[in-house]
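Structure below is protein07.tsv: TSV, C-alpha atoms.
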```
chain	number	residue	atom	x	y	z
A	1	LYS	CA	0.00	0.00	0.00
A	2	PHE	CA	1.31	3.45	-0.89
A	3	ALA	CA	0.30	4.81	2.49
A	4	GLU	CA	2.59	2.30	4.17
A	5	PHE	CA	5.48	3.33	1.91
A	6	ALA	CA	4.84	7.00	2.70
A	7	ASP	CA	4.69	6.35	6.45
A	8	ALA	CA	7.91	4.35	6.33
A	9	MET	CA	9.68	7.09	4.37
A	10	ASP	CA	8.45	9.73	6.82
A	11	ALA	CA	9.88	7.58	9.59
A	12	GLY	CA	13.29	7.77	7.92
A	13	GLU	CA	13.48	4.47	6.03
A	14	LYS	CA	15.28	4.76	2.70
A	15	PRO	CA	13.17	4.23	-0.48
A	16	GLU	CA	15.67	1.74	-1.89
A	17	GLU	CA	15.42	-0.40	1.24
A	18	LEU	CA	11.62	-0.41	1.03
A	19	ALA	CA	11.84	-1.46	-2.61
A	20	ARG	CA	14.36	-4.18	-1.77
A	21	LYS	CA	11.96	-5.70	0.77
A	22	VAL	CA	9.13	-5.80	-1.76
A	23	LEU	CA	11.33	-7.36	-4.44
A	24	GLU	CA	12.68	-10.01	-2.09
A	25	LYS	CA	9.19	-10.92	-0.91
A	26	HIS	CA	7.20	-10.89	-4.14
A	27	TRP	CA	9.34	-10.85	-7.30
A	28	ARG	CA	9.44	-14.05	-9.33
A	29	ILE	CA	11.03	-14.47	-12.74
A	30	ILE	CA	9.33	-16.73	-15.27
A	31	PHE	CA	11.27	-17.51	-18.42
A	32	ASN	CA	12.43	-20.29	-20.81
A	33	GLY	CA	9.20	-22.25	-21.09
A	34	ASN	CA	7.86	-21.28	-17.65
A	35	ASN	CA	10.82	-22.77	-15.80
A	36	TYR	CA	11.52	-20.88	-12.60
A	37	CYS	CA	15.16	-20.13	-11.82
A	38	GLU	CA	16.28	-19.17	-8.30
A	39	GLU	CA	19.66	-17.99	-9.58
A	40	MET	CA	18.05	-15.66	-12.12
A	41	GLN	CA	15.65	-14.23	-9.54
A	42	LYS	CA	18.46	-13.57	-7.09
A	43	ALA	CA	20.57	-11.84	-9.71
A	44	LEU	CA	17.73	-9.63	-10.94
A	45	THR	CA	16.56	-8.80	-7.43
A	46	GLU	CA	20.03	-7.49	-6.65
A	47	ARG	CA	19.96	-5.04	-9.54
A	48	GLY	CA	16.33	-4.10	-10.07
A	49	ILE	CA	14.71	-0.80	-10.97
A	50	TRP	CA	15.00	0.44	-7.39
A	51	ARG	CA	18.73	0.88	-7.98
A	52	ILE	CA	18.07	3.05	-11.03
A	53	ASP	CA	15.11	5.08	-9.80
A	54	SER	CA	17.31	7.47	-7.84
A	55	GLY	CA	17.96	9.27	-11.12
A	56	VAL	CA	21.73	9.08	-10.73
A	57	GLU	CA	23.32	8.39	-14.13
A	58	ALA	CA	26.35	6.82	-12.47
A	59	ILE	CA	24.07	4.07	-11.15
A	60	HIS	CA	22.66	3.60	-14.65
A	61	ARG	CA	26.15	3.01	-15.95
A	62	LEU	CA	27.00	0.65	-13.12
A	63	ILE	CA	23.89	-1.53	-13.43
A	64	ALA	CA	23.32	-1.61	-17.21
A	65	PRO	CA	26.34	-3.81	-18.08
A	66	LYS	CA	25.41	-6.27	-15.32
A	67	ASN	CA	21.87	-6.60	-16.66
A	68	ILE	CA	23.14	-6.97	-20.21
A	69	ASP	CA	25.53	-9.74	-19.17
A	70	LEU	CA	22.79	-11.48	-17.20
A	71	PHE	CA	20.33	-11.67	-20.09
A	72	GLU	CA	23.04	-12.48	-22.61
A	73	LYS	CA	23.88	-15.49	-20.46
A	74	ALA	CA	20.20	-16.48	-20.44
A	75	GLU	CA	20.21	-16.46	-24.27
A	76	VAL	CA	16.74	-14.98	-24.60
A	77	ASP	CA	15.26	-13.71	-27.86
A	78	VAL	CA	12.87	-11.26	-26.21
A	79	ILE	CA	12.87	-9.47	-22.86
A	80	VAL	CA	9.24	-8.99	-21.79
A	81	THR	CA	8.25	-6.60	-19.02
A	82	ASP	CA	4.92	-5.62	-17.48
A	83	CYS	CA	6.50	-2.48	-16.00
A	84	ALA	CA	6.94	0.32	-18.52
A	85	THR	CA	9.36	2.14	-16.21
A	86	CYS	CA	11.73	-0.83	-16.33
A	87	GLY	CA	11.12	-1.22	-20.04
A	88	GLU	CA	11.96	2.40	-20.76
A	89	PHE	CA	15.22	2.15	-18.84
A	90	GLY	CA	16.06	-0.99	-20.79
A	91	LYS	CA	15.45	0.77	-24.07
A	92	GLU	CA	17.75	3.59	-22.95
A	93	TYR	CA	20.71	1.27	-22.50
A	94	LYS	CA	21.74	1.64	-26.15
A	95	GLU	CA	21.94	5.41	-25.78
A	96	LEU	CA	23.56	5.23	-22.38
A	97	LEU	CA	26.38	2.96	-23.53
A	98	LYS	CA	26.68	3.95	-27.19
A	99	HIS	CA	30.27	5.11	-26.69
A	100	ASP	CA	31.33	2.16	-24.56
A	101	PRO	CA	33.90	0.12	-26.53
A	102	VAL	CA	32.83	-3.13	-24.87
A	103	TYR	CA	29.08	-2.73	-24.37
A	104	ALA	CA	27.85	-0.43	-27.16
A	105	GLU	CA	26.83	-3.28	-29.48
A	106	LYS	CA	25.56	-5.47	-26.65
A	107	ALA	CA	23.50	-2.60	-25.23
A	108	ALA	CA	21.87	-1.98	-28.60
A	109	ALA	CA	20.93	-5.65	-28.86
A	110	TYR	CA	19.52	-5.61	-25.30
A	111	SER	CA	17.41	-2.51	-25.96
A	112	ASP	CA	16.06	-3.92	-29.21
A	113	LYS	CA	14.87	-7.06	-27.36
A	114	MET	CA	12.90	-5.09	-24.76
A	115	ARG	CA	9.15	-5.45	-25.24
A	116	ASP	CA	6.13	-4.43	-23.21
A	117	VAL	CA	3.93	-7.42	-22.39
A	118	SER	CA	1.06	-5.99	-24.44
A	119	GLN	CA	3.34	-5.71	-27.49
A	120	PHE	CA	4.52	-9.26	-26.99
A	121	LEU	CA	0.97	-10.61	-26.72
A	122	THR	CA	-0.11	-8.91	-29.94
A	123	ASP	CA	2.87	-10.43	-31.77
A	124	ILE	CA	2.13	-14.05	-30.92
A	125	PRO	CA	-0.87	-16.27	-31.79
A	126	LEU	CA	-3.37	-16.38	-28.95
A	127	ASP	CA	-6.14	-18.85	-28.20
A	128	GLU	CA	-9.15	-17.58	-30.10
A	129	ARG	CA	-11.63	-19.37	-27.84
A	130	LEU	CA	-12.38	-16.24	-25.86
A	131	GLY	CA	-15.35	-15.79	-23.57
A	132	GLU	CA	-17.52	-12.72	-23.89
A	133	VAL	CA	-17.23	-9.74	-21.57
A	134	HIS	CA	-20.10	-7.35	-22.15
A	135	THR	CA	-18.92	-4.14	-20.55
A	136	LYS	CA	-17.67	-0.65	-21.30
A	137	VAL	CA	-13.94	-0.12	-20.82
A	138	THR	CA	-11.69	2.92	-20.98
A	139	TYR	CA	-7.90	2.87	-21.09
A	140	HIS	CA	-5.29	5.09	-19.42
A	141	ASP	CA	-1.87	5.30	-21.10
A	142	PRO	CA	0.89	5.16	-18.46
A	143	CYS	CA	3.47	7.89	-19.12
A	144	HIS	CA	6.48	5.58	-19.36
A	145	ALA	CA	4.59	3.23	-21.66
A	146	VAL	CA	3.30	5.74	-24.18
A	147	ARG	CA	6.23	8.17	-24.10
A	148	GLY	CA	9.11	5.99	-23.01
A	149	MET	CA	8.31	2.80	-24.94
A	150	GLY	CA	5.91	4.03	-27.60
A	151	VAL	CA	3.22	1.61	-26.41
A	152	GLN	CA	-0.24	2.84	-27.33
A	153	LYS	CA	-1.89	0.63	-29.93
A	154	ALA	CA	-1.14	-2.83	-28.47
A	155	PRO	CA	-3.17	-2.54	-25.24
A	156	ARG	CA	-6.17	-1.31	-27.20
A	157	ASP	CA	-5.83	-4.13	-29.73
A	158	ILE	CA	-5.93	-6.64	-26.87
A	159	LEU	CA	-9.00	-5.04	-25.29
A	160	THR	CA	-10.95	-4.79	-28.55
A	161	ALA	CA	-10.11	-8.43	-29.33
A	162	ILE	CA	-12.21	-9.50	-26.34
A	163	PRO	CA	-15.77	-10.25	-27.54
A	164	GLY	CA	-18.30	-7.88	-26.03
A	165	VAL	CA	-15.88	-5.21	-24.85
A	166	ASN	CA	-16.86	-1.66	-25.79
A	167	LEU	CA	-13.68	0.43	-25.61
A	168	VAL	CA	-14.40	4.12	-25.04
A	169	GLU	CA	-11.56	6.62	-25.23
A	170	MET	CA	-11.34	9.15	-22.41
A	171	LYS	CA	-10.20	12.73	-22.93
A	172	GLY	CA	-6.47	12.98	-22.48
A	173	ALA	CA	-5.96	9.23	-22.24
A	174	ASP	CA	-2.21	9.77	-22.49
A	175	SER	CA	-2.06	12.59	-19.92
A	176	CYS	CA	-0.38	12.01	-16.56
A	177	CYS	CA	-2.32	10.51	-13.66
A	178	GLY	CA	-0.29	12.50	-11.11
A	179	GLY	CA	1.60	9.55	-9.68
A	180	ALA	CA	4.99	9.91	-11.34
A	181	GLY	CA	6.77	7.67	-8.86
A	182	SER	CA	7.88	9.59	-5.78
A	183	TYR	CA	6.48	12.85	-7.18
A	184	SER	CA	3.15	12.16	-5.48
A	185	PHE	CA	4.94	11.90	-2.14
A	186	ARG	CA	6.98	15.05	-2.60
A	187	HIS	CA	4.29	17.21	-4.21
A	188	PRO	CA	0.97	15.78	-2.97
A	189	ASP	CA	-1.11	18.89	-3.67
A	190	MET	CA	-0.10	19.20	-7.31
A	191	SER	CA	-0.29	15.44	-7.73
A	192	GLN	CA	-3.87	15.42	-6.45
A	193	LYS	CA	-4.90	18.19	-8.85
A	194	ILE	CA	-3.53	16.22	-11.80
A	195	LEU	CA	-5.25	13.08	-10.53
A	196	ASN	CA	-8.58	14.87	-10.14
A	197	ARG	CA	-8.46	15.92	-13.80
A	198	LYS	CA	-7.80	12.33	-14.80
A	199	ILE	CA	-10.65	11.04	-12.61
A	200	GLU	CA	-13.06	13.51	-14.22
A	201	ALA	CA	-12.07	12.24	-17.67
A	202	ILE	CA	-12.63	8.64	-16.56
A	203	VAL	CA	-16.04	9.37	-15.05
A	204	GLU	CA	-17.17	11.15	-18.22
A	205	THR	CA	-16.76	7.93	-20.22
A	206	LYS	CA	-19.24	6.09	-17.95
A	207	ALA	CA	-16.99	3.06	-18.28
A	208	ALA	CA	-17.40	0.19	-15.85
A	209	ILE	CA	-13.71	-0.74	-16.06
A	210	LEU	CA	-10.56	1.36	-16.18
A	211	ALA	CA	-7.79	-0.62	-17.85
A	212	THR	CA	-4.14	0.36	-17.55
A	213	SER	CA	-0.71	-1.05	-16.79
A	214	CYS	CA	2.26	-0.16	-14.62
```

Can you turn what I pasted into structure tokens?
Amino acid sequence: KFAEFADAMDAGEKPEELARKVLEKHWRIIFNGNNYCEEMQKALTERGIWRIDSGVEAIHRLIAPKNIDLFEKAEVDVIVTDCATCGEFGKEYKELLKHDPVYAEKAAAYSDKMRDVSQFLTDIPLDERLGEVHTKVTYHDPCHAVRGMGVQKAPRDILTAIPGVNLVEMKGADSCCGGAGSYSFRHPDMSQKILNRKIEAIVETKAAILATSC
């Protein structure tokens, strides 16, 4: 719960330590035909997005090569993420390391493999035996997804592929929700104003379901 994070931060606990606890408790990595790998989870947990989210470029440069080496060892064709923030950082590796004599080419390959889960699902054949869901849905574009990864069409294609779904676009579907990571903690008043505008747009659609992603 965000309130618990805020209370812990107010009490003096460091954000990266809070994130570490969540990762260690909940994060699981599924890959290579749904085989679960303890070694892979441990390695990724040690260098997750919480290490990058401080905004310090030096940390970017420290972590990026380790992630590149990790996935190169895994020999994956595609890196799928359900978190657009992580995906955007992954796509930035090629720019971050473009002048690195050792990692420039590897970073470009890593970034090109990064895919949002909605993009991945629209690129593979899915079971067409879908049940019907008769409801009105509206979709909010997360900032990192639409601006950072260019993900906009794929989520809508998935929703409209579900029989019975009536997708209704809200005004400013790609405008910020006011969260912006720790921004909502540091600037709660402004964050709430931005959120209120988003809520009004959602309510106007009269949708029963608000669909979005991380």

Legend entry - Which residue of A:Val151, A:Val203, A:Ala211, A:Met190 approaches A:Val165 most closely, using all atoms listed in the file: A:Ala211

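Here atom CA of A:Arg197 is placed at a distance of 18.0 Å from atom CA of A:Gly181.
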
Go through stretch 139-170 of chain A and flag each residue having an atom no more than 8 Å from stretch 75-88 of chain A; for those, report the closest pair of atoms plus their distance in Å to one decimal, using only C-alpha atoms, ordered by chain and rising number, as CSV.
```
residue,atom,partner,partner_atom,distance
A:Pro142,CA,A:Ala84,CA,7.7
A:His144,CA,A:Ala84,CA,5.3
A:Ala145,CA,A:Ala84,CA,4.9
A:Gly148,CA,A:Glu88,CA,5.1
A:Met149,CA,A:Glu88,CA,5.6
```

Can you spit out the residues from that selection as a CSV table (one decimal), in the coordinates of the input, using C-alpha atoms?
```csv
chain,number,residue,atom,x,y,z
A,142,PRO,CA,0.9,5.2,-18.5
A,144,HIS,CA,6.5,5.6,-19.4
A,145,ALA,CA,4.6,3.2,-21.7
A,148,GLY,CA,9.1,6.0,-23.0
A,149,MET,CA,8.3,2.8,-24.9
```

Legend entry - Residue contacts of A:Gly164 (10 Å, only C-alpha atoms) excluding same-chain residues fewer than 4 positions away, as a PyMOL selection string: chain A and resi 131-136+159-160

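Between A:Met114 and the candidates A:Asp10, A:Cys176, A:Lys66, A:Gly150, the tightest atom-to-atom separation, counting all atoms listed in the file, involves A:Gly150.
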
Inset, instruction - Using atom CA of A:Ala180 and atom CA of A:Cys143 as the two end points, give the distance in Å to one decimal. - result: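 That distance, rounded to one decimal, is 8.2 Å.
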
Inset, instruction - Step by step: start from the point (-6.4, -3.2, -32.3) in the file's coordinates, keep every protein, DNA or RNA residue that has an atom no farther than 12 Å from it, count all atoms listed in the file, and write the set as a list in words. - result: Ser118, Gln119, Leu121, Thr122, Asp123, Gln152, Lys153, Ala154, Pro155, Arg156, Asp157, Ile158, Leu159, Thr160, Ala161, Ile162 and Leu167 of chain A

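Taking all atoms listed in the file, the non-local environment of A:Lys198 within 8 Å (same-chain residues fewer than 3 positions away omitted) comprises Gly172, Ser175, Cys176, Cys177, Ile194, Leu195, Ala201 and Ile202 of chain A.
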
Legend entry - Selection: 10 Å around stretch 101-113 of chain A, only C-alpha atoms, excl. self and same-chain fewer than 3 positions, as a PyMOL selection string: chain A and resi 64-65+67-69+71-72+76-80+87-98

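Each of A:Asp100, A:Ser191, A:Val146, A:Glu204 was compared to A:Asp174 using only C-alpha atoms, and A:Val146 turns out to be the nearest.
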
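If you look at atom CA of A:Phe120 and atom CA of A:Cys214, they are 15.5 Å away from each other.
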
Legend entry - Among the residues A:Gly178, A:Asn166, A:Lys171, A:Val137, the one that comes closest to A:Ala207 [using all atoms listed in the file]: A:Val137

Inset, instruction - Return the single residue from A:Lys193, A:Arg147, A:His99, A:His140 that is closest to A:Thr205, with distances computed using all atoms listed in the file. - result: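 Among the listed residues, A:His140 lies closest to A:Thr205.
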
Inset, instruction - Can you work out which one of A:Leu126, A:Ile199, A:Val168, A:Val117 has the shortest atom-to-atom distance to A:Ser213, counting all atoms listed in the file? - result: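 For A:Ser213, the nearest of the candidates is A:Val117.
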
How big is the axis-aligned box around all listed atoms of stretch 60-76 of chain A once 3 Å goes on each side, and where's its centre, in Å to one decimal, as JSON?
```
{"center_x": 21.9, "center_y": -6.4, "center_z": -18.9, "size_x": 16.3, "size_y": 26.1, "size_z": 17.5}
```
